[in-house]
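J.: Structure in structure tokens, see below.
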Number of protein chains: 2
Amino acid sequence: MTHNRLDYVALMHERGFRVTPQRQLILDAIGEGGGHTTFEEVFGRVQRKSSAVNRATVYRTLDFLVELRLVVAADVGGGRLVYEIAGETPHHHLVCLNCRTVRQISHEAVAQLFTQIEQEQKFHVETNHLALFGYCEDCLPKMTFHNHAHELEHAHAHAL
Amino acid sequence: MTHNRLDYVALMHERGFRVTPQRQLILDAIGEGGGHTTFEEVFGRVQRKSSAVNRATVYRTLDFLVELRLVVAADVGGGRLVYEIAGETPHHHLVCLNCRTVRQISHEAVAQLFTQIEQEQKFHVETNHLALFGYCEDCLPKMTFHNHAHELEHAHAHAL
DNA sequence: CTACATGCAAAGAGTTTGCATCCGC
DNA sequence: GCGGATGCAAACTCTTTGCATGTAG
């Protein structure tokens, strides 16, 4: 990763911000996420190491780190952001609509589409945060009959 | 659109559900969205016609219509779903990360990428709900400065 | 020592739920 | 009339904010 301890300490000092234990814990917790981490995961990891850290601090610190561009917040759907240490090679997300697991794919796999859309649609696709929704290998079998809209009775029995 | 009045009335009756004025109003309100409509837009339109309709009813009815597959809920980021009348030709969404406007693009434009990912990643991309995040023609100029700052700090450059 | 950062609790936004009433069929 | 649908209000979840206290530099 491009940001080691010296990097962020220097960056924060340069800008007149303080390097607090909470900020370091939270940065570490994001790094443990292997690419993408939800708020709850970060909060959980931080609490395990120091249970005194407050939710509000984690919210504020995540915003702060994103603003400093040490961290990137990616919208992969599900109404929740995922956080990643910035500066990694561009990659994208395959999000399973069923089990919500998020897998990464390389930039090369989609680069061509980006170029094409850029030209044809005059729309600049953000290269770091593409989210493709669909069904993963495990969930696809379960979902195939879904397309035929047959299991509704079952679903609806508890829904309404 | 594939679902006219007869369609959905028949469908609901078939399944033992009732056709209420609220459900018809809400279905109409989604149809007025020209492709994608947020909850608040639906609620607003419904209230203008019948101010007695409750928020909870709109929430419940949207879920109900999605479950009946008369309506499709698409996650285009921003933490909020957009609703569309089902059965339209497959299309996708270009979502501007700055102004949040959502534009549609045809399926053809991205079909090849889907096939490729399907084969290489063993992941089935949901053909109706692809959301591509980026910046639209209007917002891109405003964001270039922003991106530049980003790149300076993090050697993050990856031009398109 | 002086701001900036944190903890705490309360307030907000958005959504869901329990229950009595209503009304489609 | 029966059972599903609605309205209402309360409960819930997630996030933000005001303010007093703590602490990095």
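Chains: A, B, ... in order of the structure tokens. Residues: from 1 per chain. Ligands: from 1, in order shown.
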Residues of chain C were defined as contacting chain A if any atom lay at most 10 Å from it, counting only C-alpha atoms (C1' of nucleotides); please report them as a short mmCIF file (atom, residue, chain, number, x, y, z; two decimals) with N, CA and C atoms (P, O5', C5', C4', C3', O3' and C1' of nucleotides), in the first residue's frame.
T.:
data_model
loop_
_atom_site.label_atom_id
_atom_site.label_comp_id
_atom_site.auth_asym_id
_atom_site.auth_seq_id
_atom_site.Cartn_x
_atom_site.Cartn_y
_atom_site.Cartn_z
P DC C 4 -8.50 24.96 15.63
"O5'" DC C 4 -8.34 23.38 15.60
"C5'" DC C 4 -7.06 22.81 15.50
"C4'" DC C 4 -7.12 21.39 16.02
"C3'" DC C 4 -8.22 20.52 15.38
"O3'" DC C 4 -7.66 19.24 15.19
"C1'" DC C 4 -8.50 20.52 17.71
P DA C 5 -8.46 18.09 14.43
"O5'" DA C 5 -8.87 17.04 15.55
"C5'" DA C 5 -8.04 16.81 16.62
"C4'" DA C 5 -8.55 15.68 17.51
"C3'" DA C 5 -9.62 14.76 16.93
"O3'" DA C 5 -9.33 13.45 17.40
"C1'" DA C 5 -10.49 15.92 18.82
P DT C 6 -10.32 12.24 17.20
"O5'" DT C 6 -11.10 12.25 18.59
"C5'" DT C 6 -10.38 11.97 19.77
"C4'" DT C 6 -11.32 11.89 20.95
"C3'" DT C 6 -12.45 10.86 20.78
"O3'" DT C 6 -12.38 9.99 21.89
"C1'" DT C 6 -13.29 12.98 21.48
P DG C 7 -13.30 8.67 21.94
"O5'" DG C 7 -14.44 9.17 22.95
"C5'" DG C 7 -14.07 9.56 24.26
"C4'" DG C 7 -15.30 9.96 25.07
"C3'" DG C 7 -16.47 8.98 24.98
"O3'" DG C 7 -16.98 8.84 26.31
"C1'" DG C 7 -17.18 11.15 24.27
P DC C 8 -18.02 7.71 26.65
"O5'" DC C 8 -19.37 8.54 26.75
"C5'" DC C 8 -19.39 9.74 27.53
"C4'" DC C 8 -20.65 10.53 27.23
"C3'" DC C 8 -21.88 9.66 26.96
"O3'" DC C 8 -22.87 9.98 27.93
"C1'" DC C 8 -21.70 11.40 25.36
#
J.: Any chance you could tabulate, as JSON lines, the residues of chain D at most 9 Å from chain A with each one's nearest atom pair and distance in Å to one decimal, using only C-alpha atoms (C1' of nucleotides), in chain and rising number order?
T.:
{"residue": "D:DT15", "atom": "C1'", "partner": "A:Tyr59", "partner_atom": "CA", "distance": 8.0}
{"residue": "D:DT16", "atom": "C1'", "partner": "A:Ala56", "partner_atom": "CA", "distance": 8.3}
{"residue": "D:DA24", "atom": "C1'", "partner": "A:Arg18", "partner_atom": "CA", "distance": 6.3}
{"residue": "D:DG25", "atom": "C1'", "partner": "A:Arg18", "partner_atom": "CA", "distance": 7.9}
J.: Pull the strand (DSSP E) assignments for segment 44-140 of chain A out of DSSP run on the backbone, and list those residues as an mmCIF file with N, CA, C and O atoms, in the first residue's frame.
T.:
data_model
loop_
_atom_site.group_PDB
_atom_site.id
_atom_site.type_symbol
_atom_site.label_atom_id
_atom_site.label_comp_id
_atom_site.auth_asym_id
_atom_site.auth_seq_id
_atom_site.Cartn_x
_atom_site.Cartn_y
_atom_site.Cartn_z
ATOM 1 N N VAL A 71 -8.160 7.652 2.395
ATOM 2 C CA VAL A 71 -9.132 6.567 2.294
ATOM 3 C C VAL A 71 -10.130 6.923 1.205
ATOM 4 O O VAL A 71 -10.421 8.097 0.981
ATOM 5 N N VAL A 72 -10.613 5.908 0.519
ATOM 6 C CA VAL A 72 -11.631 6.107 -0.508
ATOM 7 C C VAL A 72 -12.928 5.461 -0.058
ATOM 8 O O VAL A 72 -12.928 4.343 0.443
ATOM 9 N N ALA A 73 -14.019 6.177 -0.202
ATOM 10 C CA ALA A 73 -15.330 5.613 0.103
ATOM 11 C C ALA A 73 -15.987 5.212 -1.208
ATOM 12 O O ALA A 73 -16.153 6.036 -2.097
ATOM 13 N N ALA A 74 -16.322 3.945 -1.330
ATOM 14 C CA ALA A 74 -16.933 3.462 -2.570
ATOM 15 C C ALA A 74 -18.370 3.048 -2.326
ATOM 16 O O ALA A 74 -18.698 2.423 -1.327
ATOM 17 N N ASP A 75 -19.228 3.420 -3.253
ATOM 18 C CA ASP A 75 -20.636 3.063 -3.154
ATOM 19 C C ASP A 75 -20.866 1.790 -3.954
ATOM 20 O O ASP A 75 -20.915 1.802 -5.173
ATOM 21 N N LEU A 81 -21.748 2.543 2.404
ATOM 22 C CA LEU A 81 -20.464 2.750 1.752
ATOM 23 C C LEU A 81 -19.454 1.714 2.230
ATOM 24 O O LEU A 81 -19.560 1.199 3.334
ATOM 25 N N VAL A 82 -18.480 1.422 1.384
ATOM 26 C CA VAL A 82 -17.326 0.640 1.847
ATOM 27 C C VAL A 82 -16.091 1.515 1.734
ATOM 28 O O VAL A 82 -15.983 2.341 0.829
ATOM 29 N N TYR A 83 -15.197 1.321 2.676
ATOM 30 C CA TYR A 83 -14.006 2.155 2.753
ATOM 31 C C TYR A 83 -12.781 1.337 2.379
ATOM 32 O O TYR A 83 -12.699 0.153 2.689
ATOM 33 N N GLU A 84 -11.843 1.985 1.694
ATOM 34 C CA GLU A 84 -10.618 1.318 1.290
ATOM 35 C C GLU A 84 -9.448 2.279 1.455
ATOM 36 O O GLU A 84 -9.610 3.487 1.314
ATOM 37 N N ILE A 85 -8.280 1.712 1.747
ATOM 38 C CA ILE A 85 -7.079 2.536 1.767
ATOM 39 C C ILE A 85 -6.841 3.033 0.351
ATOM 40 O O ILE A 85 -6.899 2.265 -0.601
ATOM 41 N N HIS A 91 -9.385 -0.938 -9.295
ATOM 42 C CA HIS A 91 -10.080 -2.222 -9.380
ATOM 43 C C HIS A 91 -11.564 -1.941 -9.245
ATOM 44 O O HIS A 91 -11.964 -0.819 -8.927
ATOM 45 N N HIS A 92 -12.357 -2.952 -9.474
ATOM 46 C CA HIS A 92 -13.797 -2.737 -9.459
ATOM 47 C C HIS A 92 -14.472 -3.816 -8.641
ATOM 48 O O HIS A 92 -13.826 -4.752 -8.182
ATOM 49 N N HIS A 93 -15.755 -3.658 -8.463
ATOM 50 C CA HIS A 93 -16.445 -4.541 -7.540
ATOM 51 C C HIS A 93 -17.569 -5.306 -8.224
ATOM 52 O O HIS A 93 -18.375 -4.715 -8.941
ATOM 53 N N LEU A 94 -17.590 -6.606 -7.983
ATOM 54 C CA LEU A 94 -18.734 -7.407 -8.390
ATOM 55 C C LEU A 94 -19.546 -7.658 -7.126
ATOM 56 O O LEU A 94 -19.077 -8.328 -6.206
ATOM 57 N N VAL A 95 -20.744 -7.100 -7.075
ATOM 58 C CA VAL A 95 -21.542 -7.202 -5.863
ATOM 59 C C VAL A 95 -22.679 -8.177 -6.075
ATOM 60 O O VAL A 95 -23.520 -7.987 -6.970
ATOM 61 N N CYS A 96 -22.731 -9.221 -5.269
ATOM 62 C CA CYS A 96 -23.827 -10.188 -5.384
ATOM 63 C C CYS A 96 -25.083 -9.620 -4.744
ATOM 64 O O CYS A 96 -25.085 -9.252 -3.574
ATOM 65 N N VAL A 102 -18.799 -8.946 -1.906
ATOM 66 C CA VAL A 102 -18.181 -8.057 -2.869
ATOM 67 C C VAL A 102 -16.842 -8.650 -3.290
ATOM 68 O O VAL A 102 -16.010 -8.969 -2.456
ATOM 69 N N ARG A 103 -16.669 -8.851 -4.586
ATOM 70 C CA ARG A 103 -15.409 -9.360 -5.092
ATOM 71 C C ARG A 103 -14.766 -8.272 -5.936
ATOM 72 O O ARG A 103 -15.460 -7.452 -6.540
ATOM 73 N N GLN A 104 -13.459 -8.274 -5.994
ATOM 74 C CA GLN A 104 -12.775 -7.291 -6.819
ATOM 75 C C GLN A 104 -12.416 -7.878 -8.168
ATOM 76 O O GLN A 104 -12.125 -9.059 -8.273
ATOM 77 N N ILE A 105 -12.463 -7.045 -9.200
ATOM 78 C CA ILE A 105 -11.899 -7.449 -10.483
ATOM 79 C C ILE A 105 -10.946 -6.361 -10.954
ATOM 80 O O ILE A 105 -11.047 -5.211 -10.541
ATOM 81 N N SER A 106 -10.044 -6.754 -11.798
ATOM 82 C CA SER A 106 -9.009 -5.815 -12.228
ATOM 83 C C SER A 106 -9.583 -4.762 -13.162
ATOM 84 O O SER A 106 -10.675 -4.905 -13.707
ATOM 85 N N HIS A 124 -17.819 10.395 -18.041
ATOM 86 C CA HIS A 124 -16.545 9.897 -17.529
ATOM 87 C C HIS A 124 -16.786 8.903 -16.397
ATOM 88 O O HIS A 124 -17.181 9.286 -15.302
ATOM 89 N N VAL A 125 -16.554 7.627 -16.658
ATOM 90 C CA VAL A 125 -16.755 6.619 -15.617
ATOM 91 C C VAL A 125 -15.618 6.704 -14.609
ATOM 92 O O VAL A 125 -14.445 6.755 -14.982
ATOM 93 N N ALA A 131 -19.172 -0.396 -9.699
ATOM 94 C CA ALA A 131 -19.831 -1.514 -9.035
ATOM 95 C C ALA A 131 -20.744 -2.214 -10.041
ATOM 96 O O ALA A 131 -21.610 -1.577 -10.631
ATOM 97 N N LEU A 132 -20.522 -3.490 -10.233
ATOM 98 C CA LEU A 132 -21.401 -4.279 -11.099
ATOM 99 C C LEU A 132 -22.252 -5.177 -10.221
ATOM 100 O O LEU A 132 -21.734 -5.975 -9.442
ATOM 101 N N PHE A 133 -23.548 -5.066 -10.368
ATOM 102 C CA PHE A 133 -24.447 -5.884 -9.564
ATOM 103 C C PHE A 133 -24.855 -7.128 -10.328
ATOM 104 O O PHE A 133 -24.999 -7.106 -11.549
ATOM 105 N N GLY A 134 -25.039 -8.207 -9.614
ATOM 106 C CA GLY A 134 -25.460 -9.448 -10.257
ATOM 107 C C GLY A 134 -25.468 -10.578 -9.241
ATOM 108 O O GLY A 134 -25.718 -10.344 -8.064
ATOM 109 N N TYR A 135 -25.217 -11.797 -9.718
ATOM 110 C CA TYR A 135 -25.230 -12.938 -8.815
ATOM 111 C C TYR A 135 -23.948 -13.741 -8.943
ATOM 112 O O TYR A 135 -23.484 -14.017 -10.042
#
J.: Once DSSP has gone over the backbone, tell me which residues of segment 16-94 of chain B are in helix (DSSP H, G or I), as an MDAnalysis selection string.
T.: chainID B and resid 21:31 39:49 55:68
J.: What would the file look like if the residues just selected were written as a compact mmCIF listing (two decimals), in the first residue's frame with N, CA and C atoms?
T.:
# COMPACT_ATOMS: atom_id res chain seq x y z
N PRO B 21 -57.25 1.41 -4.55
CA PRO B 21 -56.93 2.71 -5.17
C PRO B 21 -55.48 3.12 -4.87
N GLN B 22 -55.01 2.85 -3.67
CA GLN B 22 -53.64 3.21 -3.34
C GLN B 22 -52.64 2.53 -4.28
N ARG B 23 -52.86 1.25 -4.50
CA ARG B 23 -51.92 0.51 -5.36
C ARG B 23 -51.93 1.06 -6.78
N GLN B 24 -53.10 1.45 -7.25
CA GLN B 24 -53.17 1.98 -8.60
C GLN B 24 -52.48 3.34 -8.69
N LEU B 25 -52.73 4.17 -7.67
CA LEU B 25 -52.08 5.48 -7.64
C LEU B 25 -50.56 5.34 -7.64
N ILE B 26 -50.08 4.43 -6.84
CA ILE B 26 -48.63 4.26 -6.70
C ILE B 26 -48.03 3.73 -7.99
N LEU B 27 -48.71 2.78 -8.60
CA LEU B 27 -48.24 2.25 -9.88
C LEU B 27 -48.20 3.36 -10.93
N ASP B 28 -49.24 4.17 -10.97
CA ASP B 28 -49.25 5.30 -11.90
C ASP B 28 -48.08 6.24 -11.62
N ALA B 29 -47.87 6.51 -10.35
CA ALA B 29 -46.82 7.46 -9.97
C ALA B 29 -45.45 6.97 -10.41
N ILE B 30 -45.22 5.68 -10.34
CA ILE B 30 -43.94 5.14 -10.80
C ILE B 30 -43.83 5.32 -12.31
N GLY B 31 -44.94 5.07 -13.00
CA GLY B 31 -44.95 5.20 -14.46
C GLY B 31 -44.62 6.61 -14.92
N PHE B 39 -38.39 7.00 -3.93
CA PHE B 39 -39.52 6.90 -3.01
C PHE B 39 -40.20 8.25 -2.83
N GLU B 40 -39.40 9.27 -2.57
CA GLU B 40 -39.97 10.58 -2.29
C GLU B 40 -40.77 11.12 -3.47
N GLU B 41 -40.30 10.85 -4.69
CA GLU B 41 -41.03 11.30 -5.86
C GLU B 41 -42.37 10.60 -5.96
N VAL B 42 -42.35 9.30 -5.73
CA VAL B 42 -43.59 8.53 -5.78
C VAL B 42 -44.55 9.04 -4.71
N PHE B 43 -44.04 9.18 -3.51
CA PHE B 43 -44.87 9.64 -2.41
C PHE B 43 -45.45 11.02 -2.71
N GLY B 44 -44.63 11.89 -3.24
CA GLY B 44 -45.08 13.23 -3.59
C GLY B 44 -46.20 13.21 -4.61
N ARG B 45 -46.03 12.47 -5.67
CA ARG B 45 -47.05 12.41 -6.73
C ARG B 45 -48.35 11.82 -6.22
N VAL B 46 -48.21 10.78 -5.40
CA VAL B 46 -49.41 10.14 -4.87
C VAL B 46 -50.16 11.11 -3.97
N GLN B 47 -49.42 11.81 -3.13
CA GLN B 47 -50.06 12.75 -2.20
C GLN B 47 -50.77 13.87 -2.92
N ARG B 48 -50.21 14.30 -4.03
CA ARG B 48 -50.84 15.39 -4.77
C ARG B 48 -52.23 14.97 -5.25
N LYS B 49 -52.36 13.69 -5.53
CA LYS B 49 -53.65 13.20 -6.01
C LYS B 49 -54.57 12.78 -4.88
N ARG B 55 -47.37 7.30 4.23
CA ARG B 55 -46.00 6.90 3.86
C ARG B 55 -45.82 5.40 3.97
N ALA B 56 -46.27 4.85 5.07
CA ALA B 56 -46.07 3.41 5.31
C ALA B 56 -46.71 2.59 4.20
N THR B 57 -47.83 3.05 3.70
CA THR B 57 -48.50 2.34 2.61
C THR B 57 -47.65 2.38 1.35
N VAL B 58 -47.04 3.52 1.09
CA VAL B 58 -46.19 3.62 -0.09
C VAL B 58 -44.98 2.69 0.05
N TYR B 59 -44.38 2.68 1.22
CA TYR B 59 -43.26 1.75 1.44
C TYR B 59 -43.71 0.31 1.21
N ARG B 60 -44.82 -0.05 1.83
CA ARG B 60 -45.30 -1.42 1.73
C ARG B 60 -45.68 -1.77 0.31
N THR B 61 -46.30 -0.82 -0.38
CA THR B 61 -46.76 -1.09 -1.74
C THR B 61 -45.60 -1.22 -2.72
N LEU B 62 -44.59 -0.39 -2.55
CA LEU B 62 -43.42 -0.51 -3.42
C LEU B 62 -42.80 -1.90 -3.28
N ASP B 63 -42.64 -2.34 -2.04
CA ASP B 63 -42.11 -3.68 -1.83
C ASP B 63 -43.00 -4.73 -2.49
N PHE B 64 -44.29 -4.54 -2.30
CA PHE B 64 -45.27 -5.46 -2.86
C PHE B 64 -45.18 -5.53 -4.38
N LEU B 65 -45.09 -4.39 -5.03
CA LEU B 65 -45.04 -4.35 -6.49
C LEU B 65 -43.73 -4.95 -7.02
N VAL B 66 -42.66 -4.74 -6.26
CA VAL B 66 -41.38 -5.33 -6.66
C VAL B 66 -41.49 -6.84 -6.55
N GLU B 67 -42.13 -7.28 -5.49
CA GLU B 67 -42.27 -8.71 -5.28
C GLU B 67 -43.15 -9.36 -6.35
N LEU B 68 -44.14 -8.64 -6.78
CA LEU B 68 -45.00 -9.11 -7.88
C LEU B 68 -44.29 -9.01 -9.21
J.: Select, as a PyMOL selection string, those residues of chain A with any atom no more than 9 Å from chain B (distances computed using only C-alpha atoms).
T.: chain A and resi 2-3+68-70+75-81+86-90+94-97+105+109-118+120-127+129-137+140+149+152-153+155-156+159-160
J.: What's around DT13 of chain D at 10 Å? Count only C-alpha atoms (C1' of nucleotides), leave out sequence neighbours fewer than 4 positions away in its own chain, and write the answer as number ranges by chain.
T.: C: 14-16
